[in-house]
file upload.txt (compact mmCIF, C-alpha atoms)
# COMPACT_ATOMS: atom_id res chain seq x y z
CA MET A 1 -12.49 -1.63 -24.34
CA SER A 2 -9.51 -0.83 -26.55
CA ASN A 3 -11.71 0.30 -29.47
CA VAL A 4 -13.24 2.95 -27.20
CA ARG A 5 -9.85 4.32 -26.27
CA SER A 6 -8.57 4.59 -29.82
CA THR A 7 -10.15 8.03 -30.43
CA GLY A 8 -7.04 9.59 -28.91
CA LYS A 9 -8.97 12.16 -26.88
CA LYS A 10 -8.62 11.92 -23.14
CA SER A 11 -12.12 12.32 -21.80
CA SER A 12 -13.14 12.54 -18.18
CA ASN A 13 -14.29 8.90 -18.37
CA THR A 14 -10.72 7.67 -18.60
CA LEU A 15 -9.82 10.04 -15.77
CA VAL A 16 -12.40 8.35 -13.52
CA ARG A 17 -11.06 4.95 -14.55
CA ASP A 18 -7.53 6.07 -13.72
CA LEU A 19 -8.58 7.36 -10.30
CA VAL A 20 -10.43 4.11 -9.51
CA ASN A 21 -7.33 2.14 -10.54
CA VAL A 22 -5.19 4.27 -8.23
CA GLY A 23 -7.57 3.42 -5.36
CA ILE A 24 -7.57 -0.31 -6.05
CA PHE A 25 -3.87 -0.70 -6.47
CA SER A 26 -2.94 1.44 -3.47
CA ALA A 27 -5.18 -0.74 -1.28
CA LEU A 28 -3.55 -3.85 -2.75
CA TYR A 29 -0.06 -2.35 -2.40
CA ILE A 30 -0.56 -1.53 1.27
CA VAL A 31 -1.93 -5.01 2.07
CA LEU A 32 0.80 -6.84 0.13
CA GLY A 33 3.51 -4.56 1.48
CA PHE A 34 2.55 -5.29 5.06
CA MET A 35 2.30 -9.04 4.45
CA SER A 36 5.67 -9.30 2.73
CA SER A 37 7.48 -6.94 5.08
CA SER A 38 6.44 -9.04 8.08
CA ILE A 39 9.54 -11.21 7.68
CA GLY A 40 11.45 -8.15 8.99
CA TYR A 41 10.33 -8.98 12.55
CA VAL A 42 13.16 -11.48 12.64
CA PRO A 43 16.13 -9.14 13.20
CA ALA A 44 18.46 -11.08 10.93
CA LEU A 45 16.01 -10.74 8.03
CA ILE A 46 15.39 -6.95 8.28
CA VAL A 47 17.77 -6.29 5.42
CA PHE A 48 15.97 -8.79 3.19
CA SER A 49 12.44 -7.54 3.92
CA THR A 50 12.77 -4.75 1.33
CA ALA A 51 13.71 -7.32 -1.30
CA SER A 52 10.62 -9.36 -0.49
CA ILE A 53 8.35 -6.29 -0.71
CA ALA A 54 9.78 -5.33 -4.09
CA LEU A 55 9.59 -8.93 -5.34
CA VAL A 56 5.94 -9.49 -4.36
CA THR A 57 4.59 -6.09 -5.41
CA SER A 58 6.29 -6.02 -8.82
CA VAL A 59 3.45 -7.84 -10.58
CA PRO A 60 0.62 -5.53 -9.33
CA ILE A 61 2.80 -2.47 -10.02
CA PHE A 62 3.44 -3.60 -13.60
CA LEU A 63 -0.28 -4.10 -14.12
CA PHE A 64 -1.01 -0.71 -12.56
CA TYR A 65 1.52 1.09 -14.75
CA SER A 66 0.23 -0.54 -17.90
CA LYS A 67 -3.39 0.37 -17.10
CA ILE A 68 -3.10 4.07 -16.29
CA GLU A 69 -3.32 6.79 -18.94
CA ARG A 70 -2.01 9.82 -17.02
CA PRO A 71 1.29 8.58 -15.56
CA ILE A 72 2.40 11.64 -13.57
CA LEU A 73 -0.93 12.36 -11.86
CA CYS A 74 -1.61 8.70 -11.07
CA CYS A 75 1.87 7.92 -9.74
CA LEU A 76 1.82 11.06 -7.59
CA LEU A 77 -1.57 10.12 -6.13
CA PHE A 78 -0.54 6.49 -5.63
CA CYS A 79 2.67 7.34 -3.78
CA GLY A 80 0.95 10.18 -1.93
CA ILE A 81 -1.70 7.81 -0.59
CA PHE A 82 0.95 5.29 0.48
CA GLY A 83 3.03 8.00 2.14
CA GLY A 84 -0.05 9.43 3.84
CA ALA A 85 -1.00 6.01 5.18
CA MET A 86 2.54 5.60 6.53
CA LEU A 87 2.29 9.08 8.09
CA VAL A 88 -0.91 8.07 9.89
CA MET A 89 0.79 4.90 11.17
CA GLY A 90 3.67 6.86 12.71
CA GLN A 91 6.34 7.35 10.07
CA SER A 92 8.20 10.62 9.78
CA ILE A 93 7.29 13.46 7.42
CA ILE A 94 10.47 12.69 5.47
CA MET A 95 8.90 9.42 4.35
CA PHE A 96 5.97 11.39 2.91
CA ALA A 97 8.29 13.77 1.05
CA ILE A 98 10.33 10.85 -0.31
CA SER A 99 7.24 9.06 -1.54
CA LEU A 100 6.00 12.19 -3.34
CA ALA A 101 9.42 12.61 -4.98
CA VAL A 102 9.49 8.93 -5.96
CA GLY A 103 5.99 9.23 -7.43
CA LEU A 104 6.95 12.27 -9.47
CA LEU A 105 10.14 10.58 -10.70
CA SER A 106 8.49 7.29 -11.70
CA GLY A 107 5.62 9.14 -13.39
CA THR A 108 8.10 11.21 -15.38
CA ILE A 109 10.00 8.08 -16.40
CA LEU A 110 6.76 6.46 -17.59
CA LYS A 111 5.83 9.63 -19.47
CA ILE A 112 9.20 9.97 -21.22
CA ILE A 113 10.05 6.35 -22.03
CA GLY A 114 6.47 5.23 -22.55
CA LYS A 115 4.60 2.18 -21.38
CA ASN A 116 6.97 -0.39 -22.90
CA PHE A 117 9.00 -2.89 -20.89
CA ALA A 118 11.95 -0.52 -20.31
CA GLY A 119 9.71 2.20 -18.92
CA LEU A 120 7.78 -0.12 -16.61
CA TYR A 121 11.00 -1.79 -15.45
CA MET A 122 12.76 1.46 -14.56
CA ALA A 123 9.70 2.99 -12.91
CA ASN A 124 9.32 -0.18 -10.81
CA ILE A 125 12.95 0.04 -9.69
CA VAL A 126 12.45 3.70 -8.73
CA LEU A 127 9.30 2.78 -6.81
CA SER A 128 11.22 0.19 -4.77
CA LEU A 129 13.13 3.13 -3.21
CA MET A 130 9.86 4.21 -1.57
CA SER A 131 9.24 1.01 0.37
CA SER A 132 12.94 0.79 1.24
CA SER A 133 12.82 4.24 2.84
CA MET A 134 10.57 2.94 5.63
CA MET A 135 13.68 2.00 7.63
CA LEU A 136 15.41 5.36 7.06
CA PRO A 137 14.51 6.93 10.48
CA LEU A 138 16.75 4.36 12.19
CA TRP A 139 19.75 6.13 10.70
CA LEU A 140 18.43 9.70 10.62
CA TYR A 141 17.08 9.92 14.17
CA THR A 142 18.70 6.93 15.85
CA GLU A 143 17.90 7.85 19.47
CA GLU A 144 14.22 8.76 19.00
CA TYR A 145 13.55 5.75 16.82
CA LEU A 146 15.10 3.32 19.30
CA GLU A 147 13.08 4.93 22.10
CA TYR A 148 9.92 4.54 20.00
CA THR A 149 10.64 0.90 19.22
CA ARG A 150 11.50 0.20 22.86
CA GLY A 151 7.87 0.95 23.67
CA MET A 152 6.69 -1.52 21.01
CA CYS A 153 9.10 -4.41 20.89
CA ASP A 154 11.27 -6.17 23.44
CA GLU A 155 14.87 -5.48 24.43
CA GLY A 156 16.50 -8.09 22.23
CA TYR A 157 15.00 -6.62 19.11
CA VAL A 158 15.99 -3.07 20.13
CA ALA A 159 19.55 -4.21 20.83
CA LYS A 160 19.75 -5.75 17.38
CA LEU A 161 18.42 -2.50 15.87
CA ALA A 162 20.99 -0.45 17.80
CA GLU A 163 23.71 -2.76 16.55
CA LEU A 164 22.46 -2.26 13.00
CA SER A 165 22.34 1.53 13.33
CA ASN A 166 26.02 1.77 14.27
CA SER A 167 27.29 1.42 10.73
CA ILE A 168 26.05 2.74 7.43
CA TRP A 169 26.39 -0.61 5.60
CA PRO A 170 22.99 -2.08 6.56
CA LEU A 171 21.36 1.04 5.09
CA VAL A 172 23.25 0.50 1.85
CA GLY A 173 22.25 -3.15 2.04
CA ILE A 174 18.57 -2.27 2.51
CA TYR A 175 18.52 -0.11 -0.61
CA THR A 176 20.62 -2.58 -2.60
CA PHE A 177 18.35 -5.49 -1.72
CA GLY A 178 15.27 -3.39 -2.52
CA ILE A 179 16.65 -2.58 -5.96
CA LEU A 180 17.73 -6.20 -6.44
CA GLY A 181 14.23 -7.39 -5.55
CA ALA A 182 12.76 -4.94 -8.06
CA VAL A 183 15.20 -6.10 -10.75
CA ILE A 184 14.31 -9.78 -10.28
CA GLY A 185 10.65 -9.00 -9.69
CA GLY A 186 10.50 -7.01 -12.91
CA LEU A 187 11.73 -9.99 -14.90
CA VAL A 188 9.20 -12.27 -13.16
CA ALA A 189 6.47 -9.71 -13.75
CA ARG A 190 7.27 -9.50 -17.44
CA ARG A 191 6.90 -13.26 -17.77
CA ILE A 192 3.65 -13.25 -15.82
CA MET A 193 2.25 -10.32 -17.82
CA LYS A 194 2.98 -12.18 -21.07
CA LYS A 195 1.63 -15.47 -19.74
CA HIS A 196 -1.59 -14.24 -18.13
CA PHE A 197 -2.66 -10.63 -18.54
CA GLU A 198 -1.88 -9.94 -22.18
CA ARG A 199 -3.56 -13.17 -23.20
CA ILE A 200 -6.88 -12.24 -21.61
CA GLY A 201 -6.64 -8.63 -22.68
CA LEU A 202 -6.17 -6.96 -19.31
CA ALA A 203 -2.95 -5.26 -20.38
CA ARG A 204 -1.41 -4.35 -23.67
CA MET B 1 16.80 -12.94 30.08
CA ASP B 2 17.82 -14.96 27.08
CA VAL B 3 14.90 -16.83 25.57
CA GLY B 4 16.38 -17.65 22.17
CA LEU B 5 15.15 -16.79 18.73
CA ALA B 6 11.69 -18.37 19.04
CA GLY B 7 11.11 -16.67 22.40
CA THR B 8 12.17 -13.27 21.07
CA LEU B 9 9.90 -13.77 18.09
CA PHE B 10 6.95 -14.71 20.31
CA VAL B 11 7.46 -11.83 22.75
CA SER B 12 7.91 -9.20 20.06
CA THR B 13 4.86 -10.52 18.19
CA MET B 14 2.75 -10.31 21.34
CA MET B 15 4.03 -6.80 22.12
CA LEU B 16 3.31 -5.73 18.57
CA VAL B 17 -0.21 -7.20 18.79
CA SER B 18 -0.92 -5.42 22.07
CA HIS B 19 0.24 -2.08 20.64
CA VAL B 20 -1.30 -2.42 17.22
CA MET B 21 -4.63 -3.73 18.53
CA PRO B 22 -6.22 -0.31 19.40
CA ILE B 23 -5.25 1.11 16.01
CA SER B 24 -6.64 -1.97 14.26
CA VAL B 25 -9.91 -1.74 16.17
CA ILE B 26 -10.34 1.94 15.24
CA PHE B 27 -9.33 1.14 11.66
CA TYR B 28 -11.89 -1.68 11.44
CA TYR B 29 -14.62 0.49 12.98
CA VAL B 30 -13.95 3.39 10.61
CA MET B 31 -13.75 1.11 7.58
CA THR B 32 -16.98 -0.75 8.34
CA THR B 33 -19.13 2.20 9.44
CA THR B 34 -18.10 4.89 6.96
CA LYS B 35 -20.38 4.88 3.94
CA VAL B 36 -18.62 5.91 0.78
CA ASN B 37 -21.14 8.58 -0.22
CA GLU B 38 -21.01 10.18 3.22
CA PHE B 39 -17.21 10.12 3.12
CA MET B 40 -17.20 11.86 -0.25
CA ALA B 41 -19.78 14.43 0.88
CA GLY B 42 -17.71 15.21 3.97
CA MET B 43 -14.52 15.53 1.95
CA SER B 44 -16.16 17.87 -0.55
CA LYS B 45 -17.40 19.99 2.39
CA MET B 46 -13.77 20.24 3.44
CA HIS B 47 -12.90 21.49 -0.10
CA ILE B 48 -10.56 18.62 -0.87
CA PRO B 49 -10.34 18.13 -4.67
CA ASN B 50 -12.20 15.18 -6.16
CA LYS B 51 -8.99 13.86 -7.72
CA VAL B 52 -7.80 13.00 -4.20
CA THR B 53 -11.19 11.94 -2.80
CA ILE B 54 -12.09 9.36 -5.46
CA PRO B 55 -8.97 7.16 -4.97
CA LEU B 56 -9.37 7.38 -1.17
CA ALA B 57 -13.05 6.39 -1.37
CA VAL B 58 -12.23 3.49 -3.69
CA MET B 59 -9.45 2.42 -1.32
CA ILE B 60 -11.81 2.39 1.68
CA ARG B 61 -14.29 0.32 -0.30
CA PHE B 62 -11.60 -2.06 -1.53
CA PHE B 63 -9.87 -3.11 1.69
CA PRO B 64 -12.67 -5.56 2.63
CA THR B 65 -12.96 -6.68 -0.98
CA VAL B 66 -9.25 -7.54 -1.14
CA PHE B 67 -9.54 -9.77 1.94
CA ASP B 68 -12.81 -11.38 0.77
CA GLU B 69 -11.42 -12.22 -2.65
CA ALA B 70 -8.13 -13.47 -1.18
CA ARG B 71 -10.04 -15.79 1.18
CA ASP B 72 -12.21 -17.15 -1.63
CA ILE B 73 -9.19 -17.75 -3.86
CA GLY B 74 -7.40 -19.38 -0.95
CA ASN B 75 -10.32 -21.78 -0.46
CA ALA B 76 -10.40 -22.63 -4.15
CA MET B 77 -6.66 -23.24 -4.20
CA ARG B 78 -6.85 -25.40 -1.09
CA MET B 79 -9.33 -27.58 -2.92
CA ARG B 80 -6.72 -28.06 -5.65
CA GLY B 81 -4.07 -28.89 -3.05
CA ILE B 82 -2.08 -25.65 -3.31
CA ARG B 83 -1.27 -24.61 0.23
CA LEU B 84 1.57 -22.59 1.73
CA PHE B 85 3.52 -25.71 2.70
CA SER B 86 2.28 -28.43 0.39
CA LEU B 87 4.58 -30.61 -1.69
CA ARG B 88 3.73 -28.79 -4.89
CA THR B 89 4.61 -25.34 -3.56
CA LEU B 90 7.75 -26.54 -1.76
CA LYS B 91 9.08 -27.74 -5.11
CA ASN B 92 8.47 -24.32 -6.67
CA PRO B 93 8.06 -21.46 -4.18
CA LEU B 94 7.26 -18.87 -6.84
CA ALA B 95 4.22 -20.91 -7.82
CA ILE B 96 2.40 -19.83 -4.66
CA LEU B 97 2.81 -16.21 -5.82
CA GLU B 98 1.42 -17.11 -9.21
CA TYR B 99 -1.49 -19.21 -7.97
CA ARG B 100 -2.63 -16.74 -5.32
CA LEU B 101 -1.73 -13.33 -6.72
CA ILE B 102 -2.78 -13.62 -10.38
CA PRO B 103 -6.45 -14.62 -9.75
CA LEU B 104 -6.66 -11.87 -7.11
CA LEU B 105 -5.34 -9.27 -9.56
CA VAL B 106 -7.65 -10.42 -12.34
CA SER B 107 -10.77 -10.37 -10.18
CA LEU B 108 -9.85 -7.04 -8.58
CA THR B 109 -9.24 -5.30 -11.90
CA LYS B 110 -12.53 -6.71 -13.20
CA ILE B 111 -14.39 -5.38 -10.15
CA GLY B 112 -12.61 -2.04 -10.59
CA ASP B 113 -13.60 -1.76 -14.24
CA GLU B 114 -17.23 -2.46 -13.36
CA LEU B 115 -17.03 0.06 -10.52
CA SER B 116 -15.65 2.81 -12.74
CA VAL B 117 -18.32 2.14 -15.40
CA ALA B 118 -21.04 2.27 -12.74
CA ALA B 119 -19.59 5.44 -11.25
CA THR B 120 -19.40 7.14 -14.63
CA THR B 121 -22.98 6.17 -15.36
CA ARG B 122 -24.08 7.83 -12.13
CA GLY B 123 -22.33 11.04 -13.13
CA LEU B 124 -19.21 10.83 -11.00
CA SER B 125 -16.57 13.05 -12.50
CA PRO B 126 -13.68 15.08 -11.08
CA GLU B 127 -15.06 18.40 -12.36
CA THR B 128 -18.59 18.38 -11.01
CA ARG B 129 -19.69 18.89 -7.44
CA ARG B 130 -21.80 16.11 -5.93
CA SER B 131 -24.88 16.49 -3.81
CA CYS B 132 -25.72 14.08 -1.01
CA VAL B 133 -29.02 13.06 0.60
CA VAL B 134 -27.44 12.73 4.03
CA LYS B 135 -26.75 16.03 5.77
CA ILE B 136 -23.13 16.18 6.83
CA GLY B 137 -21.98 18.98 9.10
CA PHE B 138 -19.77 19.95 12.00
CA HIS B 139 -22.02 20.27 15.06
CA VAL B 140 -21.87 20.41 18.84
CA GLN B 141 -21.31 16.64 19.15
CA ASP B 142 -18.28 16.83 16.85
CA VAL B 143 -16.87 19.76 18.81
CA ALA B 144 -17.31 17.80 22.06
CA VAL B 145 -15.47 14.73 20.72
CA PHE B 146 -12.78 16.95 19.20
CA VAL B 147 -12.15 18.76 22.49
CA TYR B 148 -12.14 15.42 24.36
CA CYS B 149 -9.52 13.93 22.03
CA ILE B 150 -7.29 17.01 22.27
CA ALA B 151 -7.62 16.97 26.07
CA VAL B 152 -6.54 13.32 26.19
CA VAL B 153 -3.49 14.03 24.01
CA VAL B 154 -2.53 17.08 26.10
CA LEU B 155 -2.90 15.10 29.36
CA PHE B 156 -0.81 12.26 27.93
CA CYS B 157 1.94 14.63 26.78
CA SER B 158 2.05 16.53 30.09
CA ARG B 159 2.27 13.22 31.98
CA SER B 160 5.13 11.90 29.89
CA VAL B 161 7.03 15.20 30.25
CA THR B 162 6.97 15.24 34.06

call {"tool": "encode", "arguments": {"input": "upload.txt", "output": "structure tokens"}}
result
Amino acid sequence: MSNVRSTGKKSSNTLVRDLVNVGIFSALYIVLGFMSSSIGYVPALIVFSTASIALVTSVPIFLFYSKIERPILCCLLFCGIFGGAMLVMGQSIIMFAISLAVGLLSGTILKIIGKNFAGLYMANIVLSLMSSSMMLPLWLYTEEYLEYTRGMCDEGYVAKLAELSNSIWPLVGIYTFGILGAVIGGLVARRIMKKHFERIGLAR
Amino acid sequence: MDVGLAGTLFVSTMMLVSHVMPISVIFYYVMTTTKVNEFMAGMSKMHIPNKVTIPLAVMIRFFPTVFDEARDIGNAMRMRGIRLFSLRTLKNPLAILEYRLIPLLVSLTKIGDELSVAATTRGLSPETRRSCVVKIGFHVQDVAVFVYCIAVVVLFCSRSVT
């Protein structure tokens, strides 16, 4: 397909391909995100769940970034769909705003630096902030969030959450581990991209 | 009552299942009964731009595909002896990521490429307006269901306030 693209003109065909790619990868991202964040049900592992999301989703995100042709539009749509899905499932509106901002930022990074390793790596790290923000309501609206979780989970879990929300350090830890997961995941993803996708021509 | 870590895990899992179950049922029903062309026709009636509708439609179509492909790949890998807790994956935990995720990504991107080629051939583009054989509209039945849902929410809120 690369000989078709080499004309340099962005036709509406590549736009349709971009939009289809956004759909595929957002479905995959939501599924993988839920699977890998499920280790957070053990209270002691909540802080590490962001790292596992970032680690597992790095490879699909790298492939997604290297396949799209309009970075800003596609990243905005991708993060908007994820934020909208979270909104439907009961997250706050702040999560939606954060995901739109993260999408804009990562798209701009991809646009400025280009689709080389540095661009993909930095955009992936920025994107990890989005999935880390899912725990943000615990610190912003502590009382309401605990009340909401009390309806869903049992007392032991809520007590652990309340204990966590007392200090700011777990929040710092959540973001730090998310970024750390993206950093390691980016290196893994680079190896996997070289080993598999570039060889069979799925990515350049 | 102290039931230990395993007990807490079990209870919170069961509570989560009981609360997530209705949402999952609705989700499954919507996903399996909504046809993509009807969804797109409805969205274009609501004047939502095609740039937003196309990814959403693809996403709805792809949720079942992701699970189907993952199950098939899981079966193939089980035949080769790559399971979640087999000797080979315990030696190298990242291998399970590689053996399960890479084939899934390859097959999904291949399906997506074919889908976008087929869609382009049928004249799907963000600029044009589509027509649909099925008549989609907002009728008396929809109004009745709408009013019913709002009434349920209002009743629920007034009960939890008092």

call {"tool": "residues_around", "arguments": {"input": "upload.txt", "residues": "Ala85 of chain A", "least_positions_apart": "4", "cutoff": "12 Å", "atoms": "all atoms listed in the file", "output": "list of chain:residue names"}}
result
A:Ser26, A:Ala27, A:Tyr29, A:Ile30, A:Val31, A:Phe34, A:Phe78, A:Cys79, A:Gly80, A:Ile81, A:Met89, A:Gly90, A:Gln91, A:Ser92, A:Ile93, A:Met95, A:Phe96, A:Ser99, A:Met134, B:Phe27, B:Leu56, B:Met59, B:Ile60

call {"tool": "atom_distance", "arguments": {"input": "upload.txt", "atom1": "atom CA of Asn92 of chain B", "atom2": "atom CA of Met122 of chain A"}}
result
27.3 Å

call {"tool": "closest_residue", "arguments": {"input": "upload.txt", "among": "A:Phe25, A:Tyr157, A:Phe64, A:Tyr121", "to": "Ile184 of chain A", "atoms": "only C-alpha atoms"}}
result
A:Tyr121

call {"tool": "closest_atom_pairs", "arguments": {"input": "upload.txt", "of": "segment 53-137 of chain A", "to": "segment 169-175 of chain A", "cutoff": "8 Å", "atoms": "all atoms listed in the file", "output": "tab-separated table"}}
result
residue	atom	partner	partner_atom	distance
A:Leu129	CA	A:Tyr175	CA	6.8
A:Ser132	CA	A:Tyr175	CA	5.9
A:Ser133	CA	A:Tyr175	CA	8.0
A:Leu136	CA	A:Leu171	CA	7.6

call {"tool": "residues_around", "arguments": {"input": "upload.txt", "residues": "Lys35 of chain B", "least_positions_apart": "3", "cutoff": "10 Å", "atoms": "only C-alpha atoms", "output": "tab-separated table (two decimals) with C-alpha atoms, in the coordinates of the input"}}
result
chain	number	residue	atom	x	y	z
B	30	VAL	CA	-13.95	3.39	10.61
B	31	MET	CA	-13.75	1.11	7.58
B	32	THR	CA	-16.98	-0.75	8.34
B	38	GLU	CA	-21.01	10.18	3.22
B	39	PHE	CA	-17.21	10.12	3.12
B	40	MET	CA	-17.20	11.86	-0.25
B	57	ALA	CA	-13.05	6.39	-1.37
B	60	ILE	CA	-11.81	2.39	1.68
B	61	ARG	CA	-14.29	0.32	-0.30

call {"tool": "closest_residue", "arguments": {"input": "upload.txt", "among": "A:Ala182, A:Leu187, A:Val56, A:Ile46", "to": "chain B", "atoms": "only C-alpha atoms"}}
result
A:Val56

call {"tool": "interface_residues", "arguments": {"input": "upload.txt", "of": "chain B", "to": "chain A", "cutoff": "9 Å", "atoms": "all atoms listed in the file", "output": "short mmCIF file (atom, residue, chain, number, x, y, z; two decimals) with C-alpha atoms, in the frame of the given file"}}
result
data_model
loop_
_atom_site.label_atom_id
_atom_site.label_comp_id
_atom_site.auth_asym_id
_atom_site.auth_seq_id
_atom_site.Cartn_x
_atom_site.Cartn_y
_atom_site.Cartn_z
CA ASP B 2 17.82 -14.96 27.08
CA LEU B 5 15.15 -16.79 18.73
CA THR B 8 12.17 -13.27 21.07
CA LEU B 9 9.90 -13.77 18.09
CA VAL B 11 7.46 -11.83 22.75
CA SER B 12 7.91 -9.20 20.06
CA THR B 13 4.86 -10.52 18.19
CA MET B 14 2.75 -10.31 21.34
CA MET B 15 4.03 -6.80 22.12
CA LEU B 16 3.31 -5.73 18.57
CA SER B 18 -0.92 -5.42 22.07
CA HIS B 19 0.24 -2.08 20.64
CA VAL B 20 -1.30 -2.42 17.22
CA ILE B 23 -5.25 1.11 16.01
CA LYS B 51 -8.99 13.86 -7.72
CA VAL B 52 -7.80 13.00 -4.20
CA ILE B 54 -12.09 9.36 -5.46
CA PRO B 55 -8.97 7.16 -4.97
CA LEU B 56 -9.37 7.38 -1.17
CA ALA B 57 -13.05 6.39 -1.37
CA VAL B 58 -12.23 3.49 -3.69
CA MET B 59 -9.45 2.42 -1.32
CA ILE B 60 -11.81 2.39 1.68
CA ARG B 61 -14.29 0.32 -0.30
CA PHE B 62 -11.60 -2.06 -1.53
CA PHE B 63 -9.87 -3.11 1.69
CA VAL B 66 -9.25 -7.54 -1.14
CA PHE B 67 -9.54 -9.77 1.94
CA LEU B 97 2.81 -16.21 -5.82
CA GLU B 98 1.42 -17.11 -9.21
CA LEU B 101 -1.73 -13.33 -6.72
CA ILE B 102 -2.78 -13.62 -10.38
CA LEU B 105 -5.34 -9.27 -9.56
CA VAL B 106 -7.65 -10.42 -12.34
CA LEU B 108 -9.85 -7.04 -8.58
CA THR B 109 -9.24 -5.30 -11.90
CA LYS B 110 -12.53 -6.71 -13.20
CA GLY B 112 -12.61 -2.04 -10.59
CA ASP B 113 -13.60 -1.76 -14.24
CA LEU B 115 -17.03 0.06 -10.52
CA SER B 116 -15.65 2.81 -12.74
CA VAL B 117 -18.32 2.14 -15.40
CA ALA B 119 -19.59 5.44 -11.25
CA THR B 120 -19.40 7.14 -14.63
CA LEU B 124 -19.21 10.83 -11.00
CA SER B 125 -16.57 13.05 -12.50
CA PRO B 126 -13.68 15.08 -11.08
CA GLU B 127 -15.06 18.40 -12.36
#

call {"tool": "closest_atom_pairs", "arguments": {"input": "upload.txt", "of": "segment 29-108 of chain B", "to": "segment 135-152 of chain B", "cutoff": "9 Å", "atoms": "all atoms listed in the file", "output": "tab-separated table"}}
result
residue	atom	partner	partner_atom	distance
B:Glu38	CA	B:Ile136	CA	7.3
B:Ala41	CA	B:Ile136	CA	7.0
B:Gly42	CA	B:Ile136	CA	6.2
B:Lys45	CA	B:Gly137	CA	8.2

call {"tool": "atom_distance", "arguments": {"input": "upload.txt", "atom1": "atom CA of Leu104 of chain B", "atom2": "atom CA of Ile73 of chain B"}}
result
7.2 Å

call {"tool": "atom_distance", "arguments": {"input": "upload.txt", "atom1": "atom CA of Glu69 of chain B", "atom2": "atom CA of Tyr99 of chain B"}}
result
13.3 Å

call {"tool": "decode", "arguments": {"input": "upload.txt", "residues": "segment 102-115 of chain B", "atoms": "N, CA and C atoms", "output": "PDB file, in the first residue's frame"}}
result
ATOM      1  N   ILE B 102       0.445  -9.937  19.775  1.00  0.00           N
ATOM      2  CA  ILE B 102       0.935  -9.634  18.416  1.00  0.00           C
ATOM      3  C   ILE B 102       0.039 -10.246  17.345  1.00  0.00           C
ATOM      4  N   PRO B 103      -0.341 -11.561  17.449  1.00  0.00           N
ATOM      5  CA  PRO B 103      -1.249 -12.111  16.428  1.00  0.00           C
ATOM      6  C   PRO B 103      -2.586 -11.386  16.395  1.00  0.00           C
ATOM      7  N   LEU B 104      -3.069 -10.977  17.591  1.00  0.00           N
ATOM      8  CA  LEU B 104      -4.337 -10.244  17.664  1.00  0.00           C
ATOM      9  C   LEU B 104      -4.227  -8.924  16.906  1.00  0.00           C
ATOM     10  N   LEU B 105      -3.117  -8.204  17.148  1.00  0.00           N
ATOM     11  CA  LEU B 105      -2.934  -6.915  16.480  1.00  0.00           C
ATOM     12  C   LEU B 105      -2.832  -7.089  14.982  1.00  0.00           C
ATOM     13  N   VAL B 106      -2.064  -8.111  14.552  1.00  0.00           N
ATOM     14  CA  VAL B 106      -1.878  -8.319  13.115  1.00  0.00           C
ATOM     15  C   VAL B 106      -3.203  -8.632  12.453  1.00  0.00           C
ATOM     16  N   SER B 107      -3.981  -9.550  13.053  1.00  0.00           N
ATOM     17  CA  SER B 107      -5.236  -9.931  12.401  1.00  0.00           C
ATOM     18  C   SER B 107      -6.234  -8.777  12.452  1.00  0.00           C
ATOM     19  N   LEU B 108      -6.245  -8.009  13.540  1.00  0.00           N
ATOM     20  CA  LEU B 108      -7.191  -6.890  13.621  1.00  0.00           C
ATOM     21  C   LEU B 108      -6.864  -5.807  12.606  1.00  0.00           C
ATOM     22  N   THR B 109      -5.563  -5.476  12.447  1.00  0.00           N
ATOM     23  CA  THR B 109      -5.234  -4.436  11.472  1.00  0.00           C
ATOM     24  C   THR B 109      -5.533  -4.904  10.061  1.00  0.00           C
ATOM     25  N   LYS B 110      -5.356  -6.228   9.818  1.00  0.00           N
ATOM     26  CA  LYS B 110      -5.681  -6.754   8.484  1.00  0.00           C
ATOM     27  C   LYS B 110      -7.180  -6.643   8.222  1.00  0.00           C
ATOM     28  N   ILE B 111      -7.995  -7.022   9.218  1.00  0.00           N
ATOM     29  CA  ILE B 111      -9.448  -6.895   9.074  1.00  0.00           C
ATOM     30  C   ILE B 111      -9.827  -5.436   8.863  1.00  0.00           C
ATOM     31  N   GLY B 112      -9.161  -4.529   9.608  1.00  0.00           N
ATOM     32  CA  GLY B 112      -9.469  -3.112   9.489  1.00  0.00           C
ATOM     33  C   GLY B 112      -9.133  -2.555   8.123  1.00  0.00           C
ATOM     34  N   ASP B 113      -7.985  -2.991   7.556  1.00  0.00           N
ATOM     35  CA  ASP B 113      -7.629  -2.535   6.214  1.00  0.00           C
ATOM     36  C   ASP B 113      -8.669  -2.985   5.207  1.00  0.00           C
ATOM     37  N   GLU B 114      -9.071  -4.265   5.310  1.00  0.00           N
ATOM     38  CA  GLU B 114     -10.084  -4.774   4.382  1.00  0.00           C
ATOM     39  C   GLU B 114     -11.394  -4.009   4.544  1.00  0.00           C
ATOM     40  N   LEU B 115     -11.741  -3.720   5.796  1.00  0.00           N
ATOM     41  CA  LEU B 115     -12.987  -2.993   6.077  1.00  0.00           C
ATOM     42  C   LEU B 115     -12.953  -1.605   5.462  1.00  0.00           C
TER      43      LEU B 115
END
